[in-house]
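Shown next: query-v5.pdb, containing PDB, C-alpha atoms.
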ATOM      1  CA  MET W  23     107.994  60.146 131.033
ATOM      2  CA  ASP W  24     111.703  60.691 131.613
ATOM      3  CA  ARG W  25     112.433  57.874 129.186
ATOM      4  CA  ILE W  26     110.038  58.956 126.460
ATOM      5  CA  LYS W  27     111.102  62.626 126.440
ATOM      6  CA  ALA W  28     108.009  64.048 124.817
ATOM      7  CA  PRO W  29     108.626  67.649 123.772
ATOM      8  CA  ARG W  30     106.445  68.958 126.586
ATOM      9  CA  SER W  31     104.795  66.936 129.349
ATOM     10  CA  VAL W  32     102.957  67.517 132.552
ATOM     11  CA  PHE W  33     102.756  65.060 135.413
ATOM     12  CA  ILE W  34      99.831  64.820 137.787
ATOM     13  CA  ASN W  35     100.177  62.463 140.719
ATOM     14  CA  PHE W  36      96.679  60.998 140.463
ATOM     15  CA  PRO W  37      95.752  57.332 140.071
ATOM     16  CA  LEU W  38      95.610  56.054 136.511
ATOM     17  CA  GLY W  39      92.240  56.792 134.987
ATOM     18  CA  HIS W  40      92.207  60.329 136.398
ATOM     19  CA  GLN W  41      94.746  62.053 134.202
ATOM     20  CA  CYS W  42      92.385  64.961 133.564
ATOM     21  CA  GLY W  43      90.879  65.102 137.024
ATOM     22  CA  LYS W  44      88.173  63.656 139.210
ATOM     23  CA  PRO W  45      84.743  62.726 137.891
ATOM     24  CA  ASN W  46      82.142  65.474 137.851
ATOM     25  CA  ASP W  47      84.604  68.070 139.126
ATOM     26  CA  PRO W  48      84.632  70.482 136.183
ATOM     27  CA  GLN W  49      86.534  73.183 138.031
ATOM     28  CA  LEU W  50      89.467  70.894 138.794
ATOM     29  CA  GLN W  51      89.337  69.372 135.313
ATOM     30  CA  ASP W  52      89.443  72.811 133.707
ATOM     31  CA  GLN W  53      92.348  73.852 135.898
ATOM     32  CA  ILE W  54      94.338  70.753 134.981
ATOM     33  CA  LEU W  55      93.656  71.276 131.290
ATOM     34  CA  MET W  56      94.533  74.963 131.418
ATOM     35  CA  ASP W  57      97.774  74.271 133.273
ATOM     36  CA  THR W  58      98.659  71.621 130.701
ATOM     37  CA  LEU W  59      97.774  73.752 127.703
ATOM     38  CA  SER W  60      99.726  76.671 129.131
ATOM     39  CA  HIS W  61     102.811  74.452 129.214
ATOM     40  CA  LEU W  62     102.565  74.352 125.429
ATOM     41  CA  THR W  63     103.698  77.950 125.303
ATOM     42  CA  GLY W  64     105.440  78.065 128.667
ATOM     43  CA  ALA W  65     107.892  75.177 128.305
ATOM     44  CA  ALA W  66     111.420  76.490 128.044
ATOM     45  CA  ARG W  67     113.222  73.511 126.535
ATOM     46  CA  ALA W  68     112.705  70.160 124.907
ATOM     47  CA  GLY W  69     111.650  67.443 127.307
ATOM     48  CA  ASP W  70     110.395  69.827 129.989
ATOM     49  CA  ILE W  71     108.124  68.003 132.468
ATOM     50  CA  LEU W  72     105.898  70.246 134.545
ATOM     51  CA  ASP W  73     104.720  68.808 137.862
ATOM     52  CA  LEU W  74     101.149  69.868 138.525
ATOM     53  CA  PRO W  75     100.434  70.779 142.161
ATOM     54  CA  TYR W  76      97.230  68.800 142.664
ATOM     55  CA  GLU W  77      97.056  66.181 145.394
ATOM     56  CA  TRP W  78      94.891  63.072 145.408
ATOM     57  CA  PRO W  79      93.014  63.040 148.735
ATOM     58  CA  GLU W  80      93.572  59.380 149.598
ATOM     59  CA  PRO W  81      96.857  57.480 149.668
ATOM     60  CA  PHE W  82      97.416  55.208 146.699
ATOM     61  CA  ASP W  83     100.254  52.933 145.680
ATOM     62  CA  TRP W  84     101.031  49.993 143.400
ATOM     63  CA  ALA W  85      99.070  47.570 145.566
ATOM     64  CA  CYS W  86      96.072  49.914 145.386
ATOM     65  CA  TYR W  87      96.349  49.981 141.627
ATOM     66  CA  LEU W  88      96.328  46.193 141.385
ATOM     67  CA  ASN W  89      93.487  45.859 143.869
ATOM     68  CA  ASP W  90      91.383  48.503 142.126
ATOM     69  CA  VAL W  91      91.761  46.852 138.713
ATOM     70  CA  LYS W  92      90.919  43.464 140.208
ATOM     71  CA  ALA W  93      87.867  44.868 142.004
ATOM     72  CA  MET W  94      86.734  46.596 138.814
ATOM     73  CA  VAL W  95      87.038  43.444 136.714
ATOM     74  CA  GLU W  96      85.178  41.366 139.287
ATOM     75  CA  ALA W  97      82.460  43.985 139.798
ATOM     76  CA  GLU W  98      81.849  44.029 136.057
ATOM     77  CA  GLY W  99      81.607  40.253 135.903
ATOM     78  CA  GLN W 100      84.727  39.828 133.810
ATOM     79  CA  LEU W 101      87.441  37.260 134.286
ATOM     80  CA  ILE W 102      90.889  38.130 135.572
ATOM     81  CA  GLN W 103      93.411  37.482 132.825
ATOM     82  CA  ASN W 104      96.218  35.145 133.848
ATOM     83  CA  TRP W 105      98.918  35.390 131.264
ATOM     84  CA  LYS W 106     101.639  32.804 131.285
ATOM     85  CA  PRO W 107     105.129  33.069 129.810
ATOM     86  CA  LYS W 108     105.628  31.090 126.633
ATOM     87  CA  GLY W 109     107.530  27.844 126.994
TER      88      GLY W 109
ATOM     89  CA  MET F  29     102.540  61.688 147.963
ATOM     90  CA  THR F  30     105.242  59.433 146.572
ATOM     91  CA  ARG F  31     104.964  58.735 142.854
ATOM     92  CA  ILE F  32     104.371  55.169 141.773
ATOM     93  CA  ASP F  33     107.256  53.849 139.663
ATOM     94  CA  TYR F  34     104.992  51.851 137.366
ATOM     95  CA  VAL F  35     107.872  50.707 135.173
ATOM     96  CA  SER F  36     109.784  49.155 138.049
ATOM     97  CA  CYS F  37     106.648  47.651 139.580
ATOM     98  CA  ILE F  38     105.572  46.110 136.288
ATOM     99  CA  ASN F  39     109.074  44.778 135.668
ATOM    100  CA  THR F  40     109.191  43.185 139.107
ATOM    101  CA  MET F  41     105.723  41.680 138.840
ATOM    102  CA  TYR F  42     106.106  40.081 135.448
ATOM    103  CA  GLN F  43     109.686  38.950 135.855
ATOM    104  CA  SER F  44     108.716  37.218 139.093
ATOM    105  CA  GLN F  45     106.177  35.279 137.024
ATOM    106  CA  GLY F  46     108.824  34.167 134.557
ATOM    107  CA  PHE F  47     108.245  36.655 131.773
ATOM    108  CA  PRO F  48     111.328  38.032 130.016
ATOM    109  CA  SER F  49     112.301  41.644 130.617
ATOM    110  CA  TYR F  50     110.284  44.165 128.655
ATOM    111  CA  ARG F  51     112.336  46.617 126.640
ATOM    112  CA  TRP F  52     110.749  49.913 127.535
ATOM    113  CA  SER F  53     111.112  52.637 124.957
ATOM    114  CA  ALA F  54     113.713  55.217 125.871
ATOM    115  CA  PHE F  55     115.015  58.119 123.858
ATOM    116  CA  ASP F  56     118.168  60.160 124.242
ATOM    117  CA  SER F  57     116.697  63.408 123.016
ATOM    118  CA  SER F  58     113.414  65.195 122.586
ATOM    119  CA  PRO F  59     112.110  66.768 119.377
ATOM    120  CA  TRP F  60     111.446  70.457 119.722
ATOM    121  CA  THR F  61     109.603  73.032 117.688
ATOM    122  CA  PRO F  62     109.030  76.389 119.396
ATOM    123  CA  PHE F  63     105.328  77.043 119.742
ATOM    124  CA  GLU F  64     104.905  80.651 118.774
ATOM    125  CA  LYS F  65     101.186  80.907 118.148
ATOM    126  CA  PRO F  66      99.175  82.388 121.032
ATOM    127  CA  LEU F  67      97.144  79.693 122.728
ATOM    128  CA  ASP F  68      93.910  81.573 122.102
ATOM    129  CA  GLN F  69      94.593  81.322 118.374
ATOM    130  CA  ALA F  70      95.778  77.720 118.351
ATOM    131  CA  ARG F  71      93.878  74.693 117.093
ATOM    132  CA  ILE F  72      94.267  71.818 119.535
ATOM    133  CA  ALA F  73      93.759  68.146 118.703
ATOM    134  CA  LEU F  74      92.953  65.543 121.361
ATOM    135  CA  ILE F  75      94.539  62.097 121.419
ATOM    136  CA  SER F  76      93.677  59.699 124.240
ATOM    137  CA  SER F  77      94.834  56.163 124.915
ATOM    138  CA  ALA F  78      91.798  55.346 127.077
ATOM    139  CA  GLY F  79      90.181  52.814 124.742
ATOM    140  CA  VAL F  80      87.223  55.045 123.875
ATOM    141  CA  SER F  81      85.110  54.362 120.803
ATOM    142  CA  ARG F  82      81.735  55.303 119.429
ATOM    143  CA  LYS F  83      78.922  52.812 119.816
ATOM    144  CA  ASP F  84      78.787  52.426 116.030
ATOM    145  CA  GLN F  85      82.496  51.571 115.865
ATOM    146  CA  GLU F  86      84.222  48.311 116.626
ATOM    147  CA  PRO F  87      85.045  48.405 120.328
ATOM    148  CA  PHE F  88      88.542  47.982 121.667
ATOM    149  CA  ASN F  89      89.282  44.654 123.297
ATOM    150  CA  PRO F  90      89.818  45.582 126.955
ATOM    151  CA  TRP F  91      92.562  42.976 127.282
ATOM    152  CA  ALA F  92      94.144  43.766 123.926
ATOM    153  CA  VAL F  93      97.735  42.971 123.101
ATOM    154  CA  ASN F  94      99.338  44.771 120.157
ATOM    155  CA  ASP F  95      96.186  46.604 119.130
ATOM    156  CA  LEU F  96      97.581  49.289 116.849
ATOM    157  CA  SER F  97      94.212  50.562 115.651
ATOM    158  CA  ILE F  98      92.792  54.020 116.204
ATOM    159  CA  ARG F  99      89.262  55.361 116.382
ATOM    160  CA  GLN F 100      88.338  58.760 115.045
ATOM    161  CA  ILE F 101      85.629  60.338 117.177
ATOM    162  CA  PRO F 102      83.877  63.587 116.222
ATOM    163  CA  PHE F 103      84.517  66.042 119.016
ATOM    164  CA  ASP F 104      80.846  66.795 119.544
ATOM    165  CA  THR F 105      79.876  63.143 120.086
ATOM    166  CA  PRO F 106      77.748  62.987 123.255
ATOM    167  CA  PHE F 107      79.275  60.854 125.984
ATOM    168  CA  GLU F 108      76.207  58.606 125.961
ATOM    169  CA  HIS F 109      77.191  57.592 122.414
ATOM    170  CA  LEU F 110      80.680  56.536 123.527
ATOM    171  CA  LYS F 111      81.994  53.481 125.287
ATOM    172  CA  LEU F 112      85.250  52.714 127.026
ATOM    173  CA  HIS F 113      86.944  49.341 126.967
ATOM    174  CA  HIS F 114      90.284  49.320 128.748
ATOM    175  CA  ASN F 115      91.126  47.066 131.667
ATOM    176  CA  TYR F 116      94.637  48.220 132.388
ATOM    177  CA  PHE F 117      93.448  50.963 134.692
ATOM    178  CA  ASP F 118      90.445  51.314 137.014
ATOM    179  CA  HIS F 119      88.030  52.925 134.590
ATOM    180  CA  ARG F 120      85.035  53.203 136.884
ATOM    181  CA  ASP F 121      85.423  56.934 137.481
ATOM    182  CA  ALA F 122      86.007  57.474 133.768
ATOM    183  CA  LEU F 123      82.696  55.710 133.079
ATOM    184  CA  ARG F 124      81.034  58.152 135.464
ATOM    185  CA  ASP F 125      82.659  61.088 133.660
ATOM    186  CA  LEU F 126      84.641  60.479 130.493
ATOM    187  CA  ASN F 127      86.287  63.879 130.905
ATOM    188  CA  CYS F 128      88.663  62.122 133.328
ATOM    189  CA  VAL F 129      90.479  60.525 130.370
ATOM    190  CA  PHE F 130      88.740  61.898 127.258
ATOM    191  CA  PRO F 131      88.090  65.562 128.060
ATOM    192  CA  THR F 132      86.151  66.636 124.976
ATOM    193  CA  LYS F 133      83.469  68.455 126.947
ATOM    194  CA  ARG F 134      85.939  70.356 129.075
ATOM    195  CA  LEU F 135      88.056  71.316 126.063
ATOM    196  CA  THR F 136      84.933  72.441 124.236
ATOM    197  CA  GLY F 137      84.186  74.745 127.127
ATOM    198  CA  LEU F 138      87.720  76.134 127.130
ATOM    199  CA  ALA F 139      87.476  76.854 123.413
ATOM    200  CA  ALA F 140      84.129  78.587 123.907
ATOM    201  CA  ALA F 141      85.691  80.690 126.655
ATOM    202  CA  GLY F 142      88.517  81.717 124.352
ATOM    203  CA  PHE F 143      91.310  79.974 126.295
ATOM    204  CA  ILE F 144      92.223  78.092 123.150
ATOM    205  CA  GLY F 145      91.467  79.137 119.599
ATOM    206  CA  SER F 146      89.672  76.079 118.320
ATOM    207  CA  LEU F 147      89.553  72.293 118.441
ATOM    208  CA  ALA F 148      90.356  69.802 115.740
ATOM    209  CA  PRO F 149      86.954  68.382 114.802
ATOM    210  CA  THR F 150      87.951  64.750 115.347
ATOM    211  CA  ALA F 151      89.496  63.308 118.482
ATOM    212  CA  ILE F 152      91.671  60.220 118.231
ATOM    213  CA  ALA F 153      91.517  57.269 120.580
ATOM    214  CA  LEU F 154      94.042  54.473 120.617
ATOM    215  CA  GLY F 155      96.648  52.682 122.557
ATOM    216  CA  MET F 156      95.502  49.791 124.665
ATOM    217  CA  GLY F 157      98.851  49.201 126.288
ATOM    218  CA  ARG F 158     100.668  45.891 125.972
ATOM    219  CA  LEU F 159     102.178  47.105 122.725
ATOM    220  CA  TYR F 160     105.258  45.149 121.764
ATOM    221  CA  LYS F 161     105.232  46.027 118.069
ATOM    222  CA  ARG F 162     106.991  49.341 118.467
ATOM    223  CA  THR F 163     108.150  49.536 114.863
ATOM    224  CA  ALA F 164     104.636  48.962 113.542
ATOM    225  CA  LEU F 165     103.322  51.604 115.947
ATOM    226  CA  GLN F 166     105.860  54.110 114.670
ATOM    227  CA  GLN F 167     105.628  53.214 111.003
ATOM    228  CA  GLU F 168     101.907  52.480 110.634
ATOM    229  CA  THR F 169      99.800  53.964 113.408
ATOM    230  CA  VAL F 170     101.683  57.209 113.925
ATOM    231  CA  PRO F 171     101.638  58.245 110.230
ATOM    232  CA  GLU F 172      97.900  57.560 110.194
ATOM    233  CA  ILE F 173      97.457  59.865 113.188
ATOM    234  CA  VAL F 174      99.720  62.549 111.723
ATOM    235  CA  LYS F 175      97.672  62.476 108.502
ATOM    236  CA  VAL F 176      94.489  63.141 110.474
ATOM    237  CA  LEU F 177      96.147  65.946 112.444
ATOM    238  CA  LYS F 178      97.431  67.593 109.278
ATOM    239  CA  GLU F 179      94.075  67.303 107.507
ATOM    240  CA  GLN F 180      92.467  69.043 110.464
ATOM    241  CA  GLN F 181      95.183  71.720 110.543
ATOM    242  CA  ALA F 182      95.961  71.073 114.180
ATOM    243  CA  ASP F 183      98.660  73.280 115.679
ATOM    244  CA  ALA F 184      99.316  70.969 118.622
ATOM    245  CA  ALA F 185      98.173  67.623 119.989
ATOM    246  CA  PHE F 186      96.997  67.192 123.569
ATOM    247  CA  LEU F 187      97.823  63.603 124.464
ATOM    248  CA  VAL F 188      96.155  61.942 127.449
ATOM    249  CA  ALA F 189      98.254  58.920 128.321
ATOM    250  CA  ALA F 190      95.548  56.848 129.991
TER     251      ALA F 190
END

Rendering of file as structure tokens:
Amino acid sequence: MDRIKAPRSVFINFPLGHQCGKPNDPQLQDQILMDTLSHLTGAARAGDILDLPYEWPEPFDWACYLNDVKAMVEAEGQLIQNWKPKG
Amino acid sequence: MTRIDYVSCINTMYQSQGFPSYRWSAFDSSPWTPFEKPLDQARIALISSAGVSRKDQEPFNPWAVNDLSIRQIPFDTPFEHLKLHHNYFDHRDALRDLNCVFPTKRLTGLAAAGFIGSLAPTAIALGMGRLYKRTALQQETVPEIVKVLKEQQADAAFLVAA
């Protein structure tokens, strides 16, 4: 986000796939959306990134991300893609 | 909780496999237009890069590379008429509740409650990741999106970077 410098951004420290909240948690989802929409009028300068205060309840890191995607692909009966560099 | 530096992690992972460095987009400045309309009078458009499409549309390839296409999805499309194909994030919770990455129902509720003025009638889905054709994205896909936003008289776009 720092590189892209969108006019106004919010950051929520949730795992990918949960940018607007947890499933079937409309109260949290609404709060995230309202906080984000309010930044539209509340941002003071170009490139402002607002950190939202919500915490994901379980620890997650890069290894979790890779493991979750792998587990998802396998659970859905798909094949893991193994890209190779050209040449 | 510590933030994940996805850019560094991706760089490390792929370079260790022999791939060349990826040139991530970076800009020196940010465009800025003051937003002076009250939020409860504003028309908001939704753009999501979660690979969502209608069942009567061509689905996204979940492993797509350089897919610059968009899908236009009427805002009132029931979730049971939508599908999600995107394997670059764990989408299982999104399949349980698309609002996680495509919050049309939640935004509809906020408009009904008067928090925002109105919603652009068509949401836009795109952006499967693994996009290397930056120029084509900027010169082909973005103008197509802007045209839709202008036709719908959107005041602002709410972008969910899934």

message: (93.4, 68.3, 141.9) in this file's frame - what residues fall within 8 Å of it? Use only C-alpha atoms and give the answer as a VMD selection string.
response: chain W and resid 43 to 44 50 to 51 54 75 to 78

task: With only C-alpha atoms counted, which protein, DNA or RNA residues have an atom no more than 6 Å from (109.0, 45.8, 133.1) in the file frame? Please answer as a list in words.
output: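 Every residue inside that radius is included here: Val35, Ile38, Asn39, Ser49 and Tyr50 of chain F.
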
task: Just the residues within 12 Å of F:Thr150, please, counting all atoms listed in the file, with nothing from its chain fewer than 3 positions along; format it as JSON, numbers by chain.
output: {"F": [71, 72, 73, 74, 75, 76, 98, 99, 100, 101, 102, 103, 104, 105, 132, 146, 147, 153, 173, 176, 177, 178, 179, 180, 181, 182, 185]}

task: Considering all atoms listed in the file, state which residue in the set W:Ala28, W:Ile34, W:Ile102, W:Met23 is at the smallest distance from W:Leu62.
output: W:Ala28

field: Which residue of F:Ala139, F:Ala189, F:Leu110, F:Ala164 approaches F:Gln69 most closely, using all atoms listed in the file
entry: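 That would be F:Ala139, the residue with the smallest distance to F:Gln69.
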
Contacts of W:Glu80 at 12 Å (all atoms listed in the file; same-chain gap of 6+ positions) as a PyMOL selection string: (chain W and resi 35-37+86) or (chain F and resi 29)

- request: Work out how far atom CA of F:Trp60 is from atom CA of W:Leu74, in Å to one decimal.
  value: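 Between atom CA of W:Leu74 and atom CA of F:Trp60 the gap is 21.4 Å.
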
- request: Might you pull out every residue within 12 Å of F:Gly142, with only C-alpha atoms counted and same-chain residues fewer than 2 positions away left off, and present them as number ranges by chain?
  value: W: 56; F: 66-71, 135-140, 144-147

message: Set the cut-off to 8 Å and count all atoms listed in the file: what are the residues of chain F that reach chain W? Output as a ChimeraX atom specification.
response: /F:29,31-32,34,37,45-48,53-60,63-64,66-67,91,115-122,124-131,134-135,138,143,186,188-190

message: For a quick check of understanding, using all atoms listed in the file, which of F:Thr61, F:Ser77, F:Ser44, F:Thr30 has the smallest distance to F:Ala151?
response: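 Distance minimum relative to F:Ala151 lands on F:Ser77.
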
message: Can you spell out as a VMD selection string the set of residues that the PyMOL selection byres ((chain F and resi 84) around 10) selects in the structure I just provided?
response: chain F and resid 81 to 83 85 to 87 109 to 111

- request: Pick out the closest residue to F:Gln167 from this set: F:Leu187, F:Phe107, F:Leu96, F:Ala78. Count only C-alpha atoms.
  value: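 The closest residue to F:Gln167 is F:Leu96.
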
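Going from atom CA of F:Thr169 over to atom CA of F:Asp95, you cover 10.0 Å.
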
- request: Figure out the distance between atom CA of F:Asn89 and atom CA of W:Val32, please, to one decimal in Å.
  value: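 One can read the atom CA of W:Val32 to atom CA of F:Asn89 distance as 28.2 Å.
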
Find the axis-aligned box for stretch 76-83 of chain F, covering all its listed atoms and adding 3 Å on each side, and write its centre and edge lengths in Å to one decimal as lines of an AutoDock Vina configuration file.
center_x = 86.9
center_y = 56.3
center_z = 123.3
size_x = 21.9
size_y = 12.9
size_z = 13.6

Which residues come within 8 Å of F:Gly157, counting all atoms listed in the file, excluding same-chain residues fewer than 5 positions away, as a CSV table (one decimal) with C-alpha atoms, keeping the file's coordinate frame?
chain,number,residue,atom,x,y,z
F,92,ALA,CA,94.1,43.8,123.9
F,93,VAL,CA,97.7,43.0,123.1
F,94,ASN,CA,99.3,44.8,120.2
F,116,TYR,CA,94.6,48.2,132.4
